[in-house]
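Enquirer: Have a look at this one.
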Amino acid sequence: MSKKTRIPPMLKRAVSHIFTKPVTTKYPFVKPTLPADFRGQQVFDINLCVSCGLCSRDCPAKAIEMVVIDGKRRPQFKLDSCIFCYQCAESCPRNAIKSSVFYELATTDKSSLVLKPQASVERRASPQ
Amino acid sequence: MIDFWLIFRILVFPGFTFVLLLTLFCDWMERKIEARIQNRVGPMVAGPFGILQPLADFIKLLTKEDIQPRDAKKFIFKFAPLVAFSVMVFAMCFLPVDGASVLSVSGFNGDLIVILAFVTIANFLLFLSGWASSNPYGAIGSARVLTQFLGYDIPLFLVGLTPAFIAGSLSIAAIASAQTIPYIVLAPWAFVLFIISMQAELEKDPFDIPHAESEVVGGLETEYTGGKLAFLHLTRDVQIVFGAALVVELFLGGSSGPVFFGLPAFWYSLWFVLKLLAVVVITEYITCVFARLRLDQVLSANWKILLPSAVLSLILTVAMVTWVYPLVV
Amino acid sequence: MTNTVTWARVKSPWVLHFNSGACNGCDIEIVALLTPKYDVERFGVKLEPSPRHADVLLVTGAVTKQCEERLKRVYDQMPQPKFVVAIGACACSGGVFAGCYNVAGGVDKVIPVTAYIPGCPPRPEAIMDGVVKLLNALNPPKPKKQPKGEKKAEPLKNEAESEASKAETVPVPEVKPVVEEAKVVAKQ
Amino acid sequence: MPNSNVNIISVIESKLKDKVQIQPGQLGTAAIATTNGLHREVIQTLLDADEKTAITSITGLDLGANLGLLYHIRTSNAFVTIRAEVPRESPKIQTITDIMPGAVFHELEVADLFGIVFEGHPSPGHFVLSDNWPEGVYPLRKDVNPYDVKLNPSKDVITQPSDGKQVKIVLGPQHPALLEPEKFVVTVDGETVTRVDPRVGYVHRGIEKATESRTFLQDVYLVERICGICNSIHACSFVETVEKILKIEVPQRAKYLRVIALELNRLHSHLLTLGHAGLEIGYETLFQYFWRDREPIMDLIELTSGNRVYSSLMTVGGVRRDIKEEDIPKIKATLTDLRKKLPFYRQVYEDEPSLKMRMKNVGVLKREDAIKLSVVGPVARGSGYDIDVRKDEPYEAYGEIPFKEIVYTQGDTWARMNVRMDEVEESINIIEYAIDNLPPGPFRVKAPRVVPAGEAVNRVEAPRGELFYYVKSNGTAMPERVKVRTPTYANIPAFLKTAIGESIADVPSNFVSLDPCFSCTDR
């Protein structure tokens, strides 16, 4: 290590950055591309569900409640306590719970964070 | 008889409105430059390129709820920020922007001393405002303001006298107009010292000890809300503009510059503003590339380095004025 | 006049961050928002050190019994108008820590919450999205203001998308995009 | 001169043969059962035999009629657990803080959570629990239901009386220097610090108790959320401990994948701290640069695990996701990029005068103090106390991966930061090596939900230092006791020691150089 005092490197770097493009992303005007297996909001497929309740049993945050719909027990996701660990997807024997890259879940209405299973049926059915 | 021209000059240009707009613009530019140095974008959505950001901040603060802490010294707490602001704006009025000062009578021999005194008064009012809020962080922050400006006022004053010596006048207008060669060329050492002590006086990095968030939270502003906070912020910004303007007047030849066509006043103000922005860029650059020093380091730097070199600079200047400059100019 | 005031409020949300017992995950994402990649200063957001200066209180973490009182006090110290955003599963409902013996629960058990941002932790983009939704809730969408906002987005690309994200009103039709997204995933 | 190659077990056998029982097993090199009072003698013997003897943790246990105490002691080549028991009715035991100053906070914690009285402790009082916690409720005892506990009305502790020239400054609980709510009452004389009183526990959520009412599977995610920064290492250490009880051998590929996840975690944690230190000394530009360069690492974590922060990769028996072949070039490119940026930061630390003024000779911790206070991680290595669990007791694939142990000897803030800087480079090397030598095969084996009765200890090297886990199972799907000793817990005494006598302005930067993490500390 030379004892000579050099020019502090920050002086140069600071100037050069004025003339380079900032690294800032353009969100919310340009959405980022996420890896395909990003752990976003779960997508539940009621047609594959066998009402076993394993997802609810293994959920560490107790965010999945089994509710009775049409005489069958179905999982109801409470996104406000979900920790997105995807243990439910792993526990599900039929792969009825899948991942999605949707992460913009913010809301001013807490009740909208409860994903009712019947609702997902309707919504899944309607666009098709 | 009401002199409309005088009122215009006081209220609009180059008086209050101009100073206010220039301040907001400088604030925006500072934030933008800081952001760019840090490889960020900076304010972007308020107005084109975020240019209205300081204005939005200001309006928002004015409309916020005004809370007065129970233990605050009410009168001082209320008025110190406002008075500090008006003192700074008043000081700005002595600076010749478009070739002449706001009031033709305000330029007199010795006004340099007067406006340096105004800076001190404004700083003292800021100290009072922090002290009046009866908050431990506010108290520490304002105590630091006091310690720091007591230390750096002397070198600032000494170095500020250098151009006065060269010009042979204590009038800012005279100093500015005497600079056929800008004093930054004639006395670069004084310019450097002046920028450093200005940086300390304005409490910017590496001397922003009164604002060290990690130690004193919001410093003297901690307890302030709403409109009073808006004026505290504005006072600081005017101080920065004022500092830059003073540098322009003392070292960069004031508002002098080539006049191409039309009104000379327009060109003078343009040169003035451009020079001022250049100084703001320099100070902001210094702010960005250094870490904050410790209070004891700042004080020892002042007494051991800055003060002696200010004295040396003055001696050197006197010597130069006596023997060298007559050969050059 | 009121237009100007709302404009100023929307363009200058100063935030205060309060950790009421979080694991640091959300906190670090909030700090990441200030850094070059996300840089929320674009939107006029500033992280303020003192509650007296702040407009929006960002609370992270399940509220521990020890922090409960402190959280209330910080909220009281903020000047009106003020808003609270609960960031992360823990702040929304207690999350994985709901039912721990020193946890009082979600933030809304202690102070009123305006917006919820679920996630563990939410991506910085999701936090930005939450703040945008909060601000939209603050002023009902005015036709006058939308084009203005669009204009401001000019230096940025992809205006159509900016329009879309800003036009979203408060009760977000959440699941629709999910299903669409999911379909995209499924197709891939 | 004490010899570091000494066989600790034989020393104890020769000295205290008839008084103690030595049992080999899962609790480190050996477990030594003692009767009341003898634990001090054993520790004294260890201290005499090896200069690097330090305490890792004290675990409290509820054994029914008795309360158990496990003293976990590390020496230069062994890890020893000393058992002691006290009767439940009068739980009293002699303190070891006089011979082992590093044990101060460990004893306070056990006193708080189990109600064991340590006779002769220098500063008894609440530490983890709040001051207004009701008397006589010891949350980790099995017969206590602490869930409905109501705190006593709090006394206002903000305005502390100042005596004479000494002024008390309260840092926290909500303070911009601390991202987390913790309180330090700093007594200053002018600008010089004369005393620091820590008050942790604002983030105490009761995770150790919560693990006892959840299954092992759920606990993996719960302990991962002890800390949002070094999350993978918590999960990894927990599953390793459970695997030790289950006696499962993890597939080779899983070991390498775990190393990659852990080192990515270390990378992002170190970059975070390096940047945060910049913020504390008012060097915002440096902070912004570090955090900018940290973002690609976050993207890598997201790419390999599906979330920017919580990778949730670890599971009992392996990892949950394999690394995808097509992602490998991107990972390598990002790491190469980061490596190219490092010389700039090194130069900043080497040449920047204002930074050196704030970091050199600040918070100097001497090597002998570091050992005495039992500090861990970069704090210890910055003081020349060379402990790194990855080297001392290799876990996962660390035994097969070549890397350097970084040691600086100055012991100041600057040295600690440089340890981290060098470790960033080592981490990049480790990840690249692991990716290049990724063994084929399965990345997970099936593990049973129910864990047989047993107990195990485990040590790993978190970004902040040695992380210690103790898990006891009683043959059900839920653990009976999980004890976590996080690195910051061990490092706080170092701050309390070094802060005294320096300027108040240096307190934040000195403190941050420990890389404090209070959600870890409080649990």
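Labeling convention for the structure tokens: chains A, B, ... as they appear, residues from 1 per chain, ligands from 1 in order of appearance.
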Which residues of chain D are close to chain A, meaning at most 7 Å apart when you count only C-alpha atoms, and how do they look as a count of residues only?
Expert: 11
Enquirer: Using only C-alpha atoms, which residues sit within 9 Å of D:Ala462 once same-chain residues fewer than 3 positions away are excluded, as a count of residues only?
Expert: 14
Enquirer: What residues in chain C have any atom no more than 6 Å from chain A when counting only C-alpha atoms, and can you write them as a list in words?
Expert: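 Listed by rising number, the hits are Pro36, Lys37, Tyr38, Ala89, Cys92, Ser93, Gly95, Val96, Thr114, Ala115, Tyr116, Ile117, Pro118, Cys120, Ala126, Gly130, Glu161, Ser162, Val178 and Ala182 of chain C.
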Enquirer: Could you save the residues just selected, with all heavy atoms, as a compact mmCIF listing (two decimals), in the first residue's frame?
Expert:
# COMPACT_ATOMS: atom_id res chain seq x y z
N PRO C 36 -31.35 3.97 -4.99
CA PRO C 36 -31.45 4.27 -6.42
C PRO C 36 -32.42 3.41 -7.22
O PRO C 36 -33.09 3.93 -8.10
CB PRO C 36 -30.01 4.05 -6.89
CG PRO C 36 -29.20 4.40 -5.72
CD PRO C 36 -29.97 3.94 -4.53
N LYS C 37 -32.54 2.14 -6.92
CA LYS C 37 -33.35 1.33 -7.83
C LYS C 37 -34.83 1.74 -7.79
O LYS C 37 -35.49 1.75 -8.81
CB LYS C 37 -33.22 -0.15 -7.49
CG LYS C 37 -33.93 -0.99 -8.52
CD LYS C 37 -33.59 -2.45 -8.44
CE LYS C 37 -34.37 -3.20 -9.49
NZ LYS C 37 -34.41 -4.63 -9.21
N TYR C 38 -35.34 2.08 -6.64
CA TYR C 38 -36.76 2.41 -6.54
C TYR C 38 -37.00 3.91 -6.40
O TYR C 38 -37.92 4.45 -6.98
CB TYR C 38 -37.40 1.64 -5.40
CG TYR C 38 -37.30 0.17 -5.63
CD1 TYR C 38 -36.38 -0.62 -4.96
CD2 TYR C 38 -38.08 -0.44 -6.60
CE1 TYR C 38 -36.26 -1.97 -5.22
CE2 TYR C 38 -37.96 -1.78 -6.87
CZ TYR C 38 -37.06 -2.54 -6.18
OH TYR C 38 -36.94 -3.85 -6.45
N ALA C 89 -47.64 -8.72 6.35
CA ALA C 89 -48.66 -9.55 6.97
C ALA C 89 -48.77 -9.27 8.47
O ALA C 89 -49.87 -9.22 9.01
CB ALA C 89 -48.36 -11.02 6.71
N CYS C 92 -50.65 -6.13 9.16
CA CYS C 92 -52.05 -6.20 8.76
C CYS C 92 -52.87 -6.97 9.79
O CYS C 92 -53.99 -6.61 10.09
CB CYS C 92 -52.18 -6.87 7.40
SG CYS C 92 -51.60 -5.84 6.05
N SER C 93 -52.31 -8.06 10.30
CA SER C 93 -53.15 -8.91 11.15
C SER C 93 -52.38 -9.62 12.25
O SER C 93 -52.95 -10.37 13.02
CB SER C 93 -53.80 -9.97 10.27
OG SER C 93 -52.80 -10.86 9.84
N GLY C 95 -50.02 -11.66 11.35
CA GLY C 95 -49.33 -12.60 10.48
C GLY C 95 -48.95 -13.88 11.19
O GLY C 95 -49.74 -14.46 11.92
N VAL C 96 -47.71 -14.29 10.99
CA VAL C 96 -47.26 -15.55 11.55
C VAL C 96 -47.10 -15.45 13.06
O VAL C 96 -47.08 -16.45 13.76
CB VAL C 96 -45.96 -15.99 10.84
CG1 VAL C 96 -44.81 -15.13 11.26
CG2 VAL C 96 -45.67 -17.45 11.06
N THR C 114 -55.34 3.17 7.35
CA THR C 114 -55.98 3.57 6.10
C THR C 114 -55.75 2.55 5.00
O THR C 114 -56.65 2.20 4.26
CB THR C 114 -55.46 4.93 5.62
OG1 THR C 114 -55.14 5.71 6.76
CG2 THR C 114 -56.47 5.64 4.77
N ALA C 115 -54.52 2.08 4.87
CA ALA C 115 -54.25 1.14 3.79
C ALA C 115 -53.49 -0.07 4.32
O ALA C 115 -52.71 0.04 5.26
CB ALA C 115 -53.44 1.83 2.69
N TYR C 116 -53.76 -1.20 3.70
CA TYR C 116 -53.09 -2.45 4.08
C TYR C 116 -52.25 -2.92 2.90
O TYR C 116 -52.72 -2.92 1.76
CB TYR C 116 -54.11 -3.53 4.43
CG TYR C 116 -54.98 -3.18 5.60
CD1 TYR C 116 -56.14 -2.44 5.42
CD2 TYR C 116 -54.65 -3.61 6.87
CE1 TYR C 116 -56.94 -2.12 6.49
CE2 TYR C 116 -55.45 -3.29 7.95
CZ TYR C 116 -56.60 -2.55 7.76
OH TYR C 116 -57.38 -2.23 8.82
N ILE C 117 -51.03 -3.32 3.16
CA ILE C 117 -50.21 -3.89 2.11
C ILE C 117 -49.77 -5.28 2.54
O ILE C 117 -48.82 -5.42 3.30
CB ILE C 117 -48.98 -3.01 1.81
CG1 ILE C 117 -49.41 -1.58 1.54
CG2 ILE C 117 -48.20 -3.57 0.64
CD1 ILE C 117 -48.27 -0.63 1.32
N PRO C 118 -50.47 -6.32 2.13
CA PRO C 118 -50.07 -7.66 2.53
C PRO C 118 -48.82 -8.11 1.79
O PRO C 118 -48.43 -7.54 0.77
CB PRO C 118 -51.28 -8.52 2.18
CG PRO C 118 -52.00 -7.77 1.14
CD PRO C 118 -51.65 -6.33 1.27
N CYS C 120 -45.06 -10.83 2.57
CA CYS C 120 -44.13 -11.16 3.66
C CYS C 120 -42.74 -11.30 3.11
O CYS C 120 -42.29 -12.38 2.87
CB CYS C 120 -44.55 -12.43 4.37
SG CYS C 120 -43.59 -12.72 5.87
N ALA C 126 -44.79 -3.21 -4.45
CA ALA C 126 -46.11 -3.35 -3.82
C ALA C 126 -46.33 -2.25 -2.80
O ALA C 126 -47.44 -1.75 -2.65
CB ALA C 126 -46.24 -4.72 -3.17
N GLY C 130 -49.19 0.53 -2.83
CA GLY C 130 -50.05 0.80 -1.70
C GLY C 130 -50.15 2.28 -1.42
O GLY C 130 -51.23 2.81 -1.16
N GLU C 161 -49.85 2.61 -19.43
CA GLU C 161 -49.83 1.85 -18.19
C GLU C 161 -49.93 2.75 -17.00
O GLU C 161 -50.55 2.42 -16.00
CB GLU C 161 -48.54 1.04 -18.13
CG GLU C 161 -48.67 -0.21 -18.95
CD GLU C 161 -47.59 -1.19 -18.56
OE1 GLU C 161 -47.44 -1.46 -17.37
OE2 GLU C 161 -46.92 -1.66 -19.47
N SER C 162 -49.31 3.94 -17.11
CA SER C 162 -49.37 4.86 -15.98
C SER C 162 -50.82 5.27 -15.75
O SER C 162 -51.28 5.36 -14.63
CB SER C 162 -48.51 6.07 -16.25
OG SER C 162 -49.24 7.06 -16.93
N VAL C 178 -55.50 -11.15 -11.12
CA VAL C 178 -54.86 -12.39 -10.69
C VAL C 178 -55.14 -13.49 -11.68
O VAL C 178 -54.26 -14.21 -12.13
CB VAL C 178 -55.42 -12.82 -9.32
CG1 VAL C 178 -54.76 -14.09 -8.89
CG2 VAL C 178 -55.24 -11.72 -8.33
N ALA C 182 -52.65 -15.37 -13.87
CA ALA C 182 -52.52 -16.81 -13.69
C ALA C 182 -52.64 -17.52 -15.03
O ALA C 182 -51.94 -18.49 -15.29
CB ALA C 182 -53.59 -17.30 -12.73
Enquirer: Write out as a list in words each polymer residue whose atoms come within 9 Å of D:Gly501, counting only C-alpha atoms; drop sequence neighbours fewer than 2 positions from it.
Expert: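 Returned residues: Thr192, Val193, Thr194, Arg195, Thr498, Ala499 and Ser503 of chain D.
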Enquirer: Could you please take those selected residues and save N, CA and C atoms as a PDB file, in the first residue's frame?
Expert:
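Output contents, as saved in selection-v1.pdb:
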ATOM      1  N   THR D 192     -18.773  13.267  26.119  1.00  0.00           N
ATOM      2  CA  THR D 192     -18.158  11.955  26.320  1.00  0.00           C
ATOM      3  C   THR D 192     -19.131  11.005  27.010  1.00  0.00           C
ATOM      4  N   VAL D 193     -19.208   9.810  26.486  1.00  0.00           N
ATOM      5  CA  VAL D 193     -20.118   8.823  27.042  1.00  0.00           C
ATOM      6  C   VAL D 193     -19.492   8.204  28.280  1.00  0.00           C
ATOM      7  N   THR D 194     -20.255   8.181  29.367  1.00  0.00           N
ATOM      8  CA  THR D 194     -19.710   7.562  30.570  1.00  0.00           C
ATOM      9  C   THR D 194     -20.424   6.259  30.917  1.00  0.00           C
ATOM     10  N   ARG D 195     -21.582   6.044  30.333  1.00  0.00           N
ATOM     11  CA  ARG D 195     -22.325   4.848  30.715  1.00  0.00           C
ATOM     12  C   ARG D 195     -23.412   4.589  29.674  1.00  0.00           C
ATOM     13  N   THR D 498     -17.201  -0.710  24.436  1.00  0.00           N
ATOM     14  CA  THR D 498     -16.413   0.200  23.615  1.00  0.00           C
ATOM     15  C   THR D 498     -16.985   1.609  23.587  1.00  0.00           C
ATOM     16  N   ALA D 499     -18.283   1.759  23.854  1.00  0.00           N
ATOM     17  CA  ALA D 499     -18.874   3.094  23.757  1.00  0.00           C
ATOM     18  C   ALA D 499     -18.371   4.010  24.856  1.00  0.00           C
ATOM     19  N   SER D 503     -16.898   9.806  22.031  1.00  0.00           N
ATOM     20  CA  SER D 503     -17.821  10.916  21.811  1.00  0.00           C
ATOM     21  C   SER D 503     -19.219  10.397  21.492  1.00  0.00           C
TER      22      SER D 503
END
Enquirer: To test your reading of the structure, identify every residue in stretch 21-220 of chain D that backbone DSSP assigns to strand (DSSP E), and report it as number ranges by chain.
Expert: D: 21-23, 30-33, 54-62, 66-74, 79-87, 92-94, 117-119, 166-171, 183-189, 192-199
Enquirer: So that I have them on file, write out the residues from the current selection with C-alpha atoms, as an mmCIF file, in the first residue's frame.
Expert:
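This went into result.cif:
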data_model
loop_
_atom_site.group_PDB
_atom_site.id
_atom_site.type_symbol
_atom_site.label_atom_id
_atom_site.label_comp_id
_atom_site.auth_asym_id
_atom_site.auth_seq_id
_atom_site.Cartn_x
_atom_site.Cartn_y
_atom_site.Cartn_z
ATOM 1 C CA GLN D 21 -20.655 -37.324 34.473
ATOM 2 C CA ILE D 22 -19.504 -36.969 30.910
ATOM 3 C CA GLN D 23 -21.985 -38.108 28.303
ATOM 4 C CA ALA D 30 -19.854 -33.676 25.128
ATOM 5 C CA ALA D 31 -22.453 -32.991 27.727
ATOM 6 C CA ILE D 32 -21.257 -32.690 31.298
ATOM 7 C CA ALA D 33 -23.811 -33.243 34.017
ATOM 8 C CA ALA D 54 -16.141 -18.347 25.700
ATOM 9 C CA ILE D 55 -19.793 -18.769 26.397
ATOM 10 C CA THR D 56 -22.236 -19.323 23.586
ATOM 11 C CA SER D 57 -25.463 -19.466 25.466
ATOM 12 C CA ILE D 58 -27.408 -20.532 28.500
ATOM 13 C CA THR D 59 -30.551 -22.524 27.828
ATOM 14 C CA GLY D 60 -33.280 -22.820 30.379
ATOM 15 C CA LEU D 61 -35.452 -25.926 30.473
ATOM 16 C CA ASP D 62 -38.617 -26.871 32.278
ATOM 17 C CA ASN D 66 -36.751 -29.207 38.413
ATOM 18 C CA LEU D 67 -35.676 -26.423 36.143
ATOM 19 C CA GLY D 68 -32.745 -27.289 33.935
ATOM 20 C CA LEU D 69 -29.885 -25.093 32.839
ATOM 21 C CA LEU D 70 -27.582 -25.820 29.948
ATOM 22 C CA TYR D 71 -24.394 -23.801 29.736
ATOM 23 C CA HIS D 72 -23.072 -23.981 26.202
ATOM 24 C CA ILE D 73 -19.367 -23.263 26.202
ATOM 25 C CA ARG D 74 -17.126 -23.130 23.154
ATOM 26 C CA PHE D 79 -18.246 -27.321 22.098
ATOM 27 C CA VAL D 80 -19.318 -28.394 25.537
ATOM 28 C CA THR D 81 -22.706 -28.355 27.228
ATOM 29 C CA ILE D 82 -22.786 -28.272 31.005
ATOM 30 C CA ARG D 83 -25.991 -29.404 32.630
ATOM 31 C CA ALA D 84 -27.248 -28.116 35.941
ATOM 32 C CA GLU D 85 -30.562 -28.435 37.674
ATOM 33 C CA VAL D 86 -32.292 -26.348 40.275
ATOM 34 C CA PRO D 87 -35.455 -27.192 42.200
ATOM 35 C CA LYS D 92 -31.381 -20.399 42.753
ATOM 36 C CA ILE D 93 -27.951 -20.882 41.266
ATOM 37 C CA GLN D 94 -24.614 -19.146 41.525
ATOM 38 C CA VAL D 117 -32.366 -16.396 40.371
ATOM 39 C CA PHE D 118 -28.671 -15.986 39.671
ATOM 40 C CA GLU D 119 -27.028 -15.224 42.967
ATOM 41 C CA GLN D 166 -23.999 13.851 33.773
ATOM 42 C CA VAL D 167 -26.739 14.149 31.199
ATOM 43 C CA LYS D 168 -28.801 11.182 30.135
ATOM 44 C CA ILE D 169 -29.669 10.965 26.480
ATOM 45 C CA VAL D 170 -32.246 8.435 25.482
ATOM 46 C CA LEU D 171 -31.702 6.841 22.105
ATOM 47 C CA LYS D 183 -33.655 1.900 23.768
ATOM 48 C CA PHE D 184 -30.234 2.912 24.958
ATOM 49 C CA VAL D 185 -29.888 5.333 27.785
ATOM 50 C CA VAL D 186 -26.560 6.978 27.170
ATOM 51 C CA THR D 187 -25.119 8.979 30.024
ATOM 52 C CA VAL D 188 -22.819 11.697 28.793
ATOM 53 C CA ASP D 189 -20.458 14.070 30.485
ATOM 54 C CA THR D 192 -18.158 11.955 26.320
ATOM 55 C CA VAL D 193 -20.118 8.823 27.042
ATOM 56 C CA THR D 194 -19.710 7.562 30.570
ATOM 57 C CA ARG D 195 -22.325 4.848 30.715
ATOM 58 C CA VAL D 196 -24.695 2.975 28.434
ATOM 59 C CA ASP D 197 -27.779 1.174 29.679
ATOM 60 C CA PRO D 198 -29.393 -1.043 27.091
ATOM 61 C CA ARG D 199 -33.078 -1.829 27.102
#
Enquirer: So that I can check the secondary structure, give me every residue of stretch 2-127 of chain A assigned alpha helix (DSSP H) by backbone DSSP, as a list in words.
Expert: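 The alpha helix (DSSP H) subset of stretch 2-127 of chain A is Pro9, Met10, Leu11, Lys12, Arg13, Ala14, Val15, Ser16, His17, Ile18, Leu54, Cys55, Ser56, Arg57, Asp58, Gln87, Cys88, Ala89, Glu90, Ser91, Pro117, Gln118, Ala119, Ser120, Val121, Glu122, Arg123, Arg124 and Ala125 of chain A.
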Enquirer: With only C-alpha atoms as the atoms that count, which of B:Val298, B:Asp57, B:Arg36, B:Glu201 lies nearest to B:Leu116?
Expert: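 Closest to B:Leu116 of all the choices is B:Glu201.
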Enquirer: Which residues of chain D are close to chain B, meaning at most 7 Å apart when you count only C-alpha atoms, and how do they look as a list in words?
Expert: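 So the contacting residues turn out to be His175, Pro176, Ala177, Glu280, Ile281, Gly282, Tyr283, Thr285, Gln288, Tyr289, Ser354, Leu355, Arg358, Ala505 and Pro508 of chain D.
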Enquirer: Set the cut-off to 10 Å and count only C-alpha atoms: what are the residues of chain C that reach chain D? Output as a PyMOL selection string.
Expert: chain C and resi 16-29+31-32+34-39+47-51+61-71+74+96-104+119-124
Enquirer: Residues of chain B were defined as contacting chain C if any atom lay at most 8 Å from it, counting only C-alpha atoms; please report them as an MDAnalysis selection string.
Expert: chainID B and resid 38:50 53 55:57 59:60 63:67 213 217:218 222:226 229
Enquirer: What would the file look like if the residues just selected were written as a short mmCIF file (atom, residue, chain, number, x, y, z; two decimals), in the first residue's frame with N, CA and C atoms?
Expert:
data_model
loop_
_atom_site.label_atom_id
_atom_site.label_comp_id
_atom_site.auth_asym_id
_atom_site.auth_seq_id
_atom_site.Cartn_x
_atom_site.Cartn_y
_atom_site.Cartn_z
N GLN B 38 -26.12 10.39 -6.74
CA GLN B 38 -26.36 9.09 -6.11
C GLN B 38 -26.99 8.10 -7.08
N ASN B 39 -26.95 8.44 -8.34
CA ASN B 39 -27.46 7.53 -9.37
C ASN B 39 -28.96 7.31 -9.28
N ARG B 40 -29.67 8.33 -8.79
CA ARG B 40 -31.12 8.22 -8.70
C ARG B 40 -31.74 9.23 -9.66
N VAL B 41 -33.07 9.28 -9.67
CA VAL B 41 -33.75 10.22 -10.54
C VAL B 41 -34.07 11.51 -9.81
N GLY B 42 -34.49 11.38 -8.56
CA GLY B 42 -34.89 12.57 -7.82
C GLY B 42 -36.32 12.94 -8.12
N PRO B 43 -36.81 14.07 -7.61
CA PRO B 43 -38.21 14.43 -7.81
C PRO B 43 -38.59 14.37 -9.28
N MET B 44 -39.76 13.85 -9.55
CA MET B 44 -40.08 13.58 -10.95
C MET B 44 -41.53 13.89 -11.29
N VAL B 45 -42.45 13.70 -10.36
CA VAL B 45 -43.85 13.74 -10.78
C VAL B 45 -44.54 15.07 -10.53
N ALA B 46 -44.00 15.91 -9.64
CA ALA B 46 -44.65 17.19 -9.39
C ALA B 46 -44.13 18.21 -10.39
N GLY B 47 -44.91 18.48 -11.42
CA GLY B 47 -44.45 19.42 -12.44
C GLY B 47 -43.46 18.73 -13.36
N PRO B 48 -43.09 19.40 -14.46
CA PRO B 48 -42.14 18.78 -15.37
C PRO B 48 -40.82 18.52 -14.66
N PHE B 49 -40.34 17.32 -14.71
CA PHE B 49 -39.11 16.90 -14.02
C PHE B 49 -39.16 17.20 -12.53
N GLY B 50 -40.37 17.26 -12.00
CA GLY B 50 -40.49 17.46 -10.56
C GLY B 50 -40.14 18.84 -10.09
N GLN B 53 -41.74 20.32 -7.03
CA GLN B 53 -41.68 19.56 -5.78
C GLN B 53 -41.54 20.45 -4.55
N LEU B 55 -42.38 23.47 -4.14
CA LEU B 55 -43.62 24.23 -3.97
C LEU B 55 -44.69 23.34 -3.33
N ALA B 56 -44.79 22.10 -3.82
CA ALA B 56 -45.78 21.18 -3.26
C ALA B 56 -45.50 20.95 -1.79
N ASP B 57 -44.22 20.74 -1.44
CA ASP B 57 -43.86 20.54 -0.04
C ASP B 57 -44.29 21.74 0.78
N ILE B 59 -46.57 24.15 0.13
CA ILE B 59 -48.02 24.31 0.28
C ILE B 59 -48.59 23.29 1.25
N LYS B 60 -48.08 22.05 1.11
CA LYS B 60 -48.59 21.00 1.98
C LYS B 60 -48.32 21.33 3.43
N THR B 63 -50.61 23.83 5.01
CA THR B 63 -51.98 23.43 5.30
C THR B 63 -52.05 22.32 6.35
N LYS B 64 -50.90 21.96 6.93
CA LYS B 64 -50.95 20.92 7.95
C LYS B 64 -51.39 21.51 9.28
N GLU B 65 -51.83 20.61 10.15
CA GLU B 65 -52.21 21.04 11.49
C GLU B 65 -50.98 21.60 12.20
N ASP B 66 -51.22 22.68 12.97
CA ASP B 66 -50.12 23.33 13.67
C ASP B 66 -50.16 22.92 15.13
N ILE B 67 -49.19 22.12 15.54
CA ILE B 67 -49.20 21.65 16.92
C ILE B 67 -48.19 22.46 17.72
N GLU B 213 -29.20 13.27 11.51
CA GLU B 213 -30.41 12.52 11.85
C GLU B 213 -30.12 11.39 12.82
N VAL B 217 -32.09 13.31 15.69
CA VAL B 217 -33.38 13.20 15.03
C VAL B 217 -33.56 14.37 14.07
N GLY B 218 -34.48 15.26 14.33
CA GLY B 218 -34.71 16.36 13.39
C GLY B 218 -33.95 17.61 13.77
N THR B 222 -37.18 19.41 15.24
CA THR B 222 -37.89 18.21 15.69
C THR B 222 -39.34 18.46 16.06
N GLU B 223 -39.61 19.52 16.81
CA GLU B 223 -40.96 19.71 17.32
C GLU B 223 -41.84 20.53 16.39
N TYR B 224 -41.29 21.04 15.31
CA TYR B 224 -42.06 21.96 14.49
C TYR B 224 -42.98 21.23 13.52
N THR B 225 -44.15 21.79 13.33
CA THR B 225 -45.08 21.22 12.37
C THR B 225 -45.60 22.34 11.48
N GLY B 226 -46.30 21.91 10.42
CA GLY B 226 -47.09 22.83 9.61
C GLY B 226 -46.32 24.03 9.08
N LEU B 229 -42.79 24.89 10.32
CA LEU B 229 -41.77 24.02 9.73
C LEU B 229 -41.47 24.46 8.30
#
Enquirer: Pick out the closest residue to D:Ala494 from this set: D:Arg141, D:Lys17, D:Arg390, D:Lys366. Count only C-alpha atoms.
Expert: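 Of the candidates, the smallest distance to D:Ala494 is held by D:Lys366.
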Enquirer: Distance atom CA of B:Leu161-atom CA of B:Val259, one decimal place?
Expert: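 Straight-line distance from atom CA of B:Leu161 to atom CA of B:Val259 works out to 29.2 Å.
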